[in-house]
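> Quick one, entry_20.tsv (TSV, C-alpha atoms):
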chain	number	residue	atom	x	y	z
A	2	MET	CA	124.72	95.70	34.20
A	3	ALA	CA	122.78	92.67	33.17
A	4	LYS	CA	123.03	91.45	36.73
A	5	PHE	CA	120.97	94.28	38.08
A	6	VAL	CA	118.31	93.79	35.52
A	7	ARG	CA	117.90	90.16	36.44
A	8	LYS	CA	117.58	90.98	40.09
A	9	GLY	CA	114.87	93.43	39.42
A	10	LYS	CA	112.82	90.77	37.71
A	11	ASN	CA	112.86	88.39	40.73
A	12	GLU	CA	111.13	90.70	43.11
A	13	GLY	CA	109.61	89.20	46.32
A	14	SER	CA	111.50	86.74	48.52
A	15	PRO	CA	110.76	83.08	47.89
A	16	SER	CA	108.34	81.55	50.39
A	17	ILE	CA	109.81	79.24	53.05
A	18	ASN	CA	108.88	75.63	52.73
A	19	THR	CA	106.77	74.81	55.77
A	20	SER	CA	105.87	71.26	54.90
A	21	SER	CA	108.07	69.89	57.69
A	22	LEU	CA	106.55	72.12	60.33
A	23	PRO	CA	103.96	69.55	61.43
A	24	ASP	CA	106.71	66.98	61.88
A	25	ILE	CA	108.70	69.31	64.07
A	26	VAL	CA	105.73	70.20	66.19
A	27	PHE	CA	104.77	66.55	66.52
A	28	MET	CA	108.27	65.85	67.73
A	29	ILE	CA	107.96	68.47	70.45
A	30	LEU	CA	104.55	67.07	71.32
A	31	MET	CA	105.98	63.58	71.70
A	32	PHE	CA	108.72	64.92	73.93
A	33	PHE	CA	106.20	66.52	76.24
A	34	MET	CA	104.00	63.46	76.31
A	35	VAL	CA	106.91	61.27	77.35
A	36	SER	CA	108.62	63.52	79.84
A	37	THR	CA	105.65	64.87	81.73
A	38	SER	CA	102.87	63.30	83.64
A	39	MET	CA	99.27	64.26	84.16
A	40	ARG	CA	98.62	66.71	86.93
A	41	LYS	CA	97.00	64.69	89.65
A	42	THR	CA	95.96	67.31	92.11
A	43	GLU	CA	95.52	71.00	91.97
A	44	ARG	CA	98.31	72.70	93.83
A	45	MET	CA	96.90	74.90	96.55
A	46	VAL	CA	100.17	75.76	98.20
A	47	SER	CA	103.14	77.28	96.51
A	48	VAL	CA	106.21	75.14	96.86
A	49	LYS	CA	109.65	76.36	95.97
A	50	LEU	CA	111.87	73.36	96.40
A	51	PRO	CA	115.27	73.63	98.04
A	52	VAL	CA	118.35	72.42	96.24
A	53	ALA	CA	120.51	69.48	97.21
A	54	SER	CA	123.39	67.70	95.55
A	55	GLU	CA	123.11	64.20	97.01
A	56	ILE	CA	119.80	63.27	95.58
A	57	ALA	CA	118.47	59.92	94.59
A	58	LYS	CA	115.68	59.09	92.25
A	59	LEU	CA	112.42	57.81	93.59
A	60	GLU	CA	112.41	54.11	92.83
A	61	ARG	CA	108.76	53.38	92.43
A	62	LYS	CA	106.56	56.29	91.58
A	63	ASP	CA	103.36	54.34	92.05
A	64	LEU	CA	104.24	53.55	95.65
A	65	SER	CA	104.60	57.09	96.77
A	66	SER	CA	102.15	59.45	98.32
A	67	TYR	CA	102.60	63.15	98.38
A	68	ILE	CA	102.43	65.72	101.12
A	69	TYR	CA	102.75	69.37	100.20
A	70	ILE	CA	103.65	72.00	102.75
A	71	GLY	CA	103.92	75.67	101.98
A	72	LYS	CA	102.18	79.00	101.82
A	73	PRO	CA	98.67	78.90	100.36
A	74	THR	CA	98.58	80.35	96.87
A	75	GLU	CA	97.18	83.82	96.43
A	76	GLN	CA	93.61	82.83	95.77
A	77	TYR	CA	93.42	80.94	99.07
A	78	GLN	CA	95.30	83.44	101.18
A	79	SER	CA	92.23	85.39	102.21
A	80	GLN	CA	90.69	82.21	103.51
A	81	PHE	CA	93.65	80.40	105.00
A	82	GLY	CA	96.21	83.11	105.71
A	83	THR	CA	99.83	83.12	104.71
A	84	ASP	CA	101.20	80.67	107.24
A	85	ALA	CA	102.52	77.38	105.94
A	86	ARG	CA	99.77	74.80	105.55
A	87	ILE	CA	99.64	71.14	104.70
A	88	GLN	CA	97.95	69.98	101.54
A	89	LEU	CA	96.86	66.38	101.20
A	90	ASN	CA	95.13	65.39	97.99
A	91	ASP	CA	92.88	68.30	97.17
A	92	SER	CA	92.41	70.20	100.38
A	93	PHE	CA	94.12	71.86	103.28
A	94	LYS	CA	94.52	69.54	106.21
A	95	SER	CA	95.96	69.67	109.66
A	96	VAL	CA	98.66	67.47	111.12
A	97	GLY	CA	96.06	65.23	112.74
A	98	ASP	CA	94.63	64.20	109.37
A	99	ILE	CA	97.87	62.67	108.18
A	100	GLY	CA	97.14	59.39	109.94
A	101	ASP	CA	93.93	58.89	107.98
A	102	PHE	CA	95.61	59.96	104.77
A	103	ILE	CA	98.42	57.44	105.19
A	104	ALA	CA	95.99	54.70	106.10
A	105	ALA	CA	93.94	55.43	102.98
A	106	GLU	CA	97.02	55.49	100.76
A	107	ARG	CA	98.21	52.25	102.24
A	108	GLU	CA	94.84	50.67	101.58
A	109	ASN	CA	95.26	51.44	97.88
A	110	LEU	CA	98.45	49.44	97.59
A	111	SER	CA	98.69	45.71	97.31
A	112	GLU	CA	99.74	43.90	100.44
A	113	GLY	CA	103.23	43.09	99.27
A	114	ASP	CA	103.95	46.66	98.29
A	115	ARG	CA	102.86	48.29	101.51
A	116	GLN	CA	106.22	48.08	103.19
A	117	PHE	CA	107.82	49.93	100.29
A	118	MET	CA	105.50	52.89	100.47
A	119	THR	CA	107.39	56.15	100.37
A	120	VAL	CA	106.07	59.50	101.44
A	121	SER	CA	107.36	62.35	99.31
A	122	LEU	CA	107.57	65.56	101.23
A	123	ASN	CA	107.30	68.55	98.94
A	124	ILE	CA	108.12	71.35	101.29
A	125	ASP	CA	108.67	75.00	100.49
A	126	LYS	CA	112.13	76.13	101.43
A	127	ASP	CA	110.93	79.03	103.54
A	128	THR	CA	108.85	76.81	105.78
A	129	ARG	CA	109.77	76.71	109.44
A	130	MET	CA	110.85	73.35	110.80
A	131	GLY	CA	108.11	73.28	113.46
A	132	ILE	CA	105.41	72.10	111.10
A	133	VAL	CA	107.81	69.76	109.31
A	134	THR	CA	108.74	68.11	112.60
A	135	ASP	CA	105.08	67.69	113.52
A	136	VAL	CA	104.47	65.97	110.22
A	137	LYS	CA	107.48	63.72	110.72
A	138	GLN	CA	106.32	62.76	114.20
A	139	GLU	CA	102.90	61.96	112.83
A	140	LEU	CA	104.43	59.81	110.10
A	141	ARG	CA	106.43	57.95	112.69
A	142	ARG	CA	103.27	57.39	114.68
A	143	CYS	CA	101.55	55.70	111.75
A	144	SER	CA	104.82	53.96	110.89
A	145	ALA	CA	105.26	55.39	107.42
A	146	LEU	CA	108.99	55.50	107.87
A	147	LYS	CA	110.29	55.79	104.37
A	148	ILE	CA	110.32	59.42	103.46
A	149	MET	CA	111.90	61.54	100.81
A	150	TYR	CA	112.67	65.21	100.98
A	151	VAL	CA	112.01	66.26	97.42
A	152	ALA	CA	114.66	68.65	96.17
A	153	ASN	CA	116.03	70.03	92.98
A	154	GLN	CA	119.36	68.91	91.68
A	155	GLN	CA	122.20	71.19	92.50
A	156	TYR	CA	125.07	70.76	90.17
A	157	LYS	CA	128.46	70.43	91.72
A	158	LYS	CA	130.81	73.27	91.12
A	159	TYR	CA	134.03	72.24	89.60
B	148	MET	CA	83.19	60.68	33.85
B	149	ALA	CA	84.35	58.05	36.32
B	150	SER	CA	87.62	57.58	34.53
B	151	ASN	CA	88.47	61.21	35.21
B	152	LYS	CA	88.31	60.65	38.98
B	153	LYS	CA	90.82	57.83	39.15
B	154	LYS	CA	93.32	59.78	41.18
B	155	THR	CA	92.27	60.66	44.72
B	156	PRO	CA	92.66	64.34	45.39
B	157	GLU	CA	95.56	65.28	47.63
B	158	ILE	CA	94.67	66.04	51.22
B	159	ASN	CA	95.58	69.51	52.26
B	160	GLY	CA	98.18	69.20	54.97
B	161	GLY	CA	98.50	72.87	55.68
B	162	SER	CA	96.43	72.75	58.83
B	163	MET	CA	98.37	69.84	60.28
B	164	ALA	CA	100.76	72.21	62.00
B	165	ASP	CA	97.89	74.07	63.60
B	166	ILE	CA	96.31	70.89	64.88
B	167	SER	CA	99.51	69.63	66.39
B	168	PHE	CA	100.19	73.00	67.94
B	169	LEU	CA	96.81	72.80	69.61
B	170	MET	CA	97.64	69.38	71.00
B	171	LEU	CA	101.01	70.60	72.17
B	172	ILE	CA	99.42	73.45	74.06
B	173	PHE	CA	96.88	71.09	75.57
B	174	PHE	CA	99.67	68.89	76.91
B	175	LEU	CA	101.58	71.85	78.23
B	176	MET	CA	98.55	72.85	80.24
B	177	VAL	CA	97.46	69.58	81.75
B	178	THR	CA	100.75	67.92	82.56
B	179	THR	CA	103.53	68.73	84.95
B	180	MET	CA	107.19	68.04	85.02
B	181	ASP	CA	107.49	66.57	88.44
B	182	HIS	CA	110.51	66.54	90.61
B	183	GLU	CA	110.75	62.96	91.63
B	184	LYS	CA	114.15	63.32	93.14
B	185	GLY	CA	115.28	64.06	96.60
B	186	ILE	CA	117.06	62.94	99.71
B	187	ALA	CA	115.71	59.62	100.89
B	188	ARG	CA	115.62	59.09	104.60
B	189	ARG	CA	114.30	56.54	107.01
B	190	LEU	CA	112.60	57.73	110.15
B	191	PRO	CA	113.24	55.83	113.35
B	192	PRO	CA	110.23	53.82	114.49
B	193	MET	CA	108.17	55.19	117.31
B	194	PRO	CA	109.19	53.68	120.63
B	195	ASN	CA	106.57	51.44	122.18
B	196	LYS	CA	104.60	52.89	125.02
B	197	ASP	CA	105.27	50.13	127.51
B	198	GLN	CA	108.94	50.01	126.74
B	199	LYS	CA	110.45	53.13	128.10
B	200	ALA	CA	112.60	55.21	125.87
B	201	GLU	CA	115.88	53.97	127.17
B	202	ASP	CA	118.65	56.42	126.88
B	203	MET	CA	121.25	54.92	124.69
B	204	LYS	CA	124.38	55.15	126.66
B	205	VAL	CA	126.75	56.47	124.12
B	206	ASN	CA	130.18	57.60	125.02
B	207	ARG	CA	130.59	61.34	124.83
B	208	ARG	CA	133.43	61.09	122.35
B	209	ASN	CA	131.23	59.13	119.96
B	210	ILE	CA	128.71	61.90	119.43
B	211	LEU	CA	129.01	64.76	117.00
B	212	GLU	CA	126.45	67.35	117.86
B	213	VAL	CA	125.09	69.36	114.98
B	214	LYS	CA	122.64	72.05	115.94
B	215	ILE	CA	120.77	74.58	113.89
B	216	SER	CA	119.50	77.54	115.83
B	217	SER	CA	116.33	79.51	115.24
B	218	GLY	CA	118.45	82.11	113.49
B	219	ASP	CA	119.64	79.45	111.02
B	220	ARG	CA	123.11	79.34	112.46
B	221	ILE	CA	124.86	76.01	112.30
B	222	PHE	CA	126.74	74.76	115.31
B	223	ALA	CA	128.85	71.64	114.95
B	224	GLY	CA	131.58	70.05	116.97
B	225	GLY	CA	131.96	73.00	119.32
B	226	GLU	CA	132.01	75.87	116.88
B	227	TYR	CA	129.73	77.98	114.76
B	228	LEU	CA	129.96	77.47	111.03
B	229	SER	CA	129.30	80.12	108.47
B	230	ASP	CA	128.18	77.68	105.83
B	231	ALA	CA	126.87	74.14	105.61
B	232	SER	CA	129.65	73.17	103.22
B	233	GLN	CA	132.13	73.32	106.08
B	234	LEU	CA	130.33	70.40	107.66
B	235	ASP	CA	131.83	67.91	105.22
B	236	GLU	CA	135.29	68.26	106.58
B	237	ILE	CA	134.18	68.03	110.19
B	238	VAL	CA	132.10	64.93	109.55
B	239	ILE	CA	134.82	63.20	107.58
B	240	ASN	CA	137.36	64.00	110.24
B	241	PHE	CA	134.93	62.80	112.88
B	242	PHE	CA	134.39	59.41	111.29
B	243	THR	CA	137.93	58.68	110.17
B	244	ASN	CA	139.66	59.99	113.28
B	245	PRO	CA	143.01	60.17	111.48
B	246	ASN	CA	145.15	60.94	114.54
B	247	ASN	CA	143.49	58.44	116.85
B	248	SER	CA	142.54	61.28	119.12
B	249	ASP	CA	140.64	60.30	122.25
B	250	LYS	CA	138.18	63.12	121.67
B	251	LEU	CA	136.99	61.59	118.42
B	252	PRO	CA	135.01	58.35	118.18
B	253	SER	CA	136.44	54.95	118.86
B	254	PHE	CA	136.50	52.05	116.46
B	255	LYS	CA	135.10	48.61	116.81
B	256	THR	CA	136.27	45.66	114.81
B	257	LYS	CA	133.30	44.08	113.17
B	258	ASN	CA	133.03	40.95	111.14
B	259	ILE	CA	131.17	41.78	107.99
B	260	GLU	CA	129.70	38.93	106.01
B	261	GLY	CA	131.49	38.41	102.75
B	262	PHE	CA	134.26	40.83	103.60
B	263	GLY	CA	135.84	39.90	106.88
B	264	GLU	CA	137.13	41.97	109.72
B	265	CYS	CA	136.76	45.67	109.40
B	266	ARG	CA	137.23	48.69	111.62
B	267	VAL	CA	133.94	50.48	111.93
B	268	SER	CA	133.63	53.86	113.52
B	269	GLU	CA	131.20	54.00	116.42
B	270	GLY	CA	130.44	57.65	115.88
B	271	VAL	CA	126.91	58.98	115.74
B	272	ILE	CA	125.82	62.34	114.44
B	273	SER	CA	123.14	63.94	116.53
B	274	LEU	CA	121.17	66.50	114.60
B	275	GLN	CA	119.03	68.96	116.42
B	276	ASN	CA	117.10	71.90	115.10
B	277	ASP	CA	114.84	74.59	116.39
B	278	ARG	CA	111.18	74.81	115.51
B	279	ALA	CA	111.87	78.13	113.86
B	280	THR	CA	114.72	76.87	111.70
B	281	HIS	CA	114.11	77.27	108.02
B	282	TYR	CA	113.61	74.09	106.05
B	283	ASP	CA	116.10	75.29	103.44
B	284	ILE	CA	118.96	75.35	105.95
B	285	TYR	CA	117.86	72.08	107.50
B	286	LEU	CA	117.97	70.34	104.15
B	287	ARG	CA	121.30	71.89	103.34
B	288	VAL	CA	122.73	70.41	106.52
B	289	GLN	CA	121.15	67.04	105.80
B	290	ASN	CA	122.61	67.21	102.34
B	291	ALA	CA	126.07	68.03	103.67
B	292	LEU	CA	125.93	65.11	106.10
B	293	VAL	CA	124.86	62.70	103.39
B	294	ARG	CA	127.52	64.09	101.08
B	295	ALA	CA	130.23	63.54	103.67
B	296	ILE	CA	129.14	59.98	104.27
B	297	ASN	CA	128.96	59.31	100.56
B	298	THR	CA	132.52	60.57	100.25
B	299	LEU	CA	133.61	58.15	102.95
B	300	ARG	CA	131.80	55.32	101.22
B	301	ASP	CA	133.43	56.21	97.94
B	302	ASN	CA	136.82	56.19	99.62
B	303	PHE	CA	136.17	52.83	101.18
B	304	ALA	CA	134.97	51.37	97.91
B	305	MET	CA	137.95	52.85	96.06
B	306	GLN	CA	140.39	51.32	98.52
B	307	ASN	CA	138.95	47.85	98.32
B	308	TRP	CA	137.62	47.46	94.83
B	309	GLY	CA	138.92	50.46	92.96
B	310	LYS	CA	135.43	51.57	92.07
B	311	LYS	CA	133.05	54.20	93.29
B	312	TYR	CA	130.25	53.16	95.61
B	313	GLU	CA	127.62	53.74	92.95
B	314	ASP	CA	129.37	51.47	90.47
B	315	LEU	CA	129.56	48.49	92.80
B	316	ASP	CA	127.06	45.68	92.64
B	317	ASP	CA	124.44	45.17	95.32
B	318	ALA	CA	126.38	42.73	97.47
B	319	HIS	CA	129.38	45.01	97.66
B	320	GLN	CA	127.25	48.05	98.30
B	321	LYS	CA	125.76	46.23	101.24
B	322	ILE	CA	129.23	45.60	102.65
B	323	VAL	CA	130.13	49.26	102.23
B	324	ARG	CA	126.92	50.31	103.93
B	325	LYS	CA	127.85	48.12	106.89
B	326	ALA	CA	131.40	49.35	107.03
B	327	VAL	CA	130.42	53.00	106.75
B	328	PRO	CA	127.02	53.28	108.37
B	329	GLN	CA	124.91	56.37	107.93
B	330	SER	CA	124.35	56.97	111.59
B	331	ILE	CA	122.44	60.19	111.94
B	332	SER	CA	120.01	60.51	114.77
B	333	GLU	CA	117.58	63.34	115.07
B	334	SER	CA	116.47	64.52	118.43
B	335	GLU	CA	113.27	66.35	119.16
B	336	PRO	CA	113.53	70.00	118.25
B	337	VAL	CA	113.84	72.57	120.95
B	338	ASN	CA	111.30	75.30	121.19
B	339	VAL	CA	111.66	78.89	120.18
B	340	GLY	CA	113.17	81.21	122.72
B	341	LYS	CA	114.74	78.54	124.87
B	342	LYS	CA	118.41	78.22	124.53
Show how you would write the structure in this file as C-alpha cells.

Amino acid sequence: MAKFVRKGKNEGSPSINTSSLPDIVFMILMFFMVSTSMRKTERMVSVKLPVASEIAKLERKDLSSYIYIGKPTEQYQSQFGTDARIQLNDSFKSVGDIGDFIAAERENLSEGDRQFMTVSLNIDKDTRMGIVTDVKQELRRCSALKIMYVANQQYKKY
Amino acid sequence: MASNKKKTPEINGGSMADISFLMLIFFLMVTTMDHEKGIARRLPPMPNKDQKAEDMKVNRRNILEVKISSGDRIFAGGEYLSDASQLDEIVINFFTNPNNSDKLPSFKTKNIEGFGECRVSEGVISLQNDRATHYDIYLRVQNALVRAINTLRDNFAMQNWGKKYEDLDDAHQKIVRKAVPQSISESEPVNVGKK
C-alpha cells in the first residue's frame, strides 16, 4: 500500500534533459554543410534523372560545365510551353547558343585545364533524343568532346 | 560590492538549439545535393570539311547493330529485345565469339606494350536511335553496353592478374583498355516516320 502513496506524491513526469539538443542539431548542420554545395543557378527546367548502374564519379568538379535539358517548370510553362528546352546558366537557350556557352566556359579555365573540360548533361528521362542529338552535334562542332550523362545510381539486384 | 560579482553569470544556452535550427534550415534551402555521377563518354571529333567522311570499310561480320526505334523498341543482332538487360549477353557473345563462328567478329593479334601479344576482337557496336526515342531508353542501352564491356574487362583482368579491373593500377588498366576496347560508334539518328 505504501507504494501507491509514494507514487501519488511524484505527480508530473520528469522533464527531459535537452542540454544536448544544440549539439545534435549542430551535428546535422555540419553534415549538410559538408555534403551539399551551394546552388549555383536557379533550375528552370525540371529534370528527373534516369538511372544507370555503370556510373563513374566526375573527377574534377571545377572543370565541368552544366547543360540542363527538360520541361520548363510550371511557372515558365505559360511562356515557354511544355516541350523540352535547354537551360544554360540562368536562361533558356537554343541549340545555337551552346557554342558561345562552351567558349565562355573554356575561357574561364586555365590553359592547361582546358583539355580536361567535361560537359555534364543533366537530361530529363522523358526527353526525346532529337534535341539531345542536336546538342551532341553542337558539342562536337565546338570540340567539347568529354561529356557525361548524369544519372542516378541504380543498385544491382542480387 | 565588487567582491560579490566575482563569478561571471552563466550564459543561458537554451536558445542555442533554436539558433542552430535556423542555420540548419538556411543550409537546407540554399544548397543542393548534386548528382555528380554518370556515364562518361567521349564524342568522336567532327570530321574536317576538306577531308571527306570516308566510309570506314568494316567487314559486315564485325558490326553489331543496335537500334532503338521511335517506339523505344530495341533491335540488336537481328532480333527485337524486350528489355535492355538482354543486351549484355549479346554483346559479350559478340566480342568473345566463343565458337569461332564466321558470323561473329574476327580477331587480330596485337602487340600491347607491357603485356605482349594478345587477341583483340575487331568488333564494333553501331548504335543508332530515332529522334523520337526517349532518353531514358537510350541511356539504358548505353548503360547495358558499358556494363557488358566492363564485364569483359573484369574477366580479362581476372584471368591475367586475378583482380578486378577497378582494383588494378593505372598501367594495367591501360593494358586492359587496349585489349578490350570500348568500341561503340554512334551514327546519326534517323528521322521520325522513316523506317
> At a cut-off of 9 Å, can you tabulate as a Markdown table every residue of region 16-100 of chain A near region 163-166 of chain B together with its closest atom pair and the distance in Å to one decimal, using all atoms listed in the file and ordering rows by chain then number?

| residue | atom | partner | partner_atom | distance |
| --- | --- | --- | --- | --- |
| A:Ser20 | CA | B:Ala164 | CA | 8.8 |
| A:Ser21 | CA | B:Ala164 | CA | 8.8 |
| A:Leu22 | CA | B:Ala164 | CA | 6.0 |
| A:Pro23 | CA | B:Ala164 | CA | 4.2 |
| A:Asp24 | CA | B:Ala164 | CA | 7.9 |
| A:Ile25 | CA | B:Ala164 | CA | 8.7 |
| A:Val26 | CA | B:Ala164 | CA | 6.8 |
| A:Phe27 | CA | B:Ala164 | CA | 8.3 |
> Dump as number ranges by chain the residues of chain B that approach chain A to within 8 Å, counting only C-alpha atoms.
B: 160-161, 163-165, 167-168, 170-171, 174-175, 177-193, 276-283, 285-287, 290, 293-294, 336
> When you look at Glu212 (chain B) with a cut-off of 8 Å (counting all atoms listed in the file), what residues show up, excluding the ones that are within fewer than 6 positions of it in the same chain? I need them as number ranges by chain.
B: 222-224, 272-275
> Write out as a list in words which residues come within 12 Å of Lys257 (chain B) when counting all atoms listed in the file, dropping same-chain ones fewer than 6 positions away.
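Returned residues: Gly263, Glu264, Cys265, Arg266, Val267, Ser268, Glu269, Ile322, Lys325, Ala326 and Val327 of chain B.
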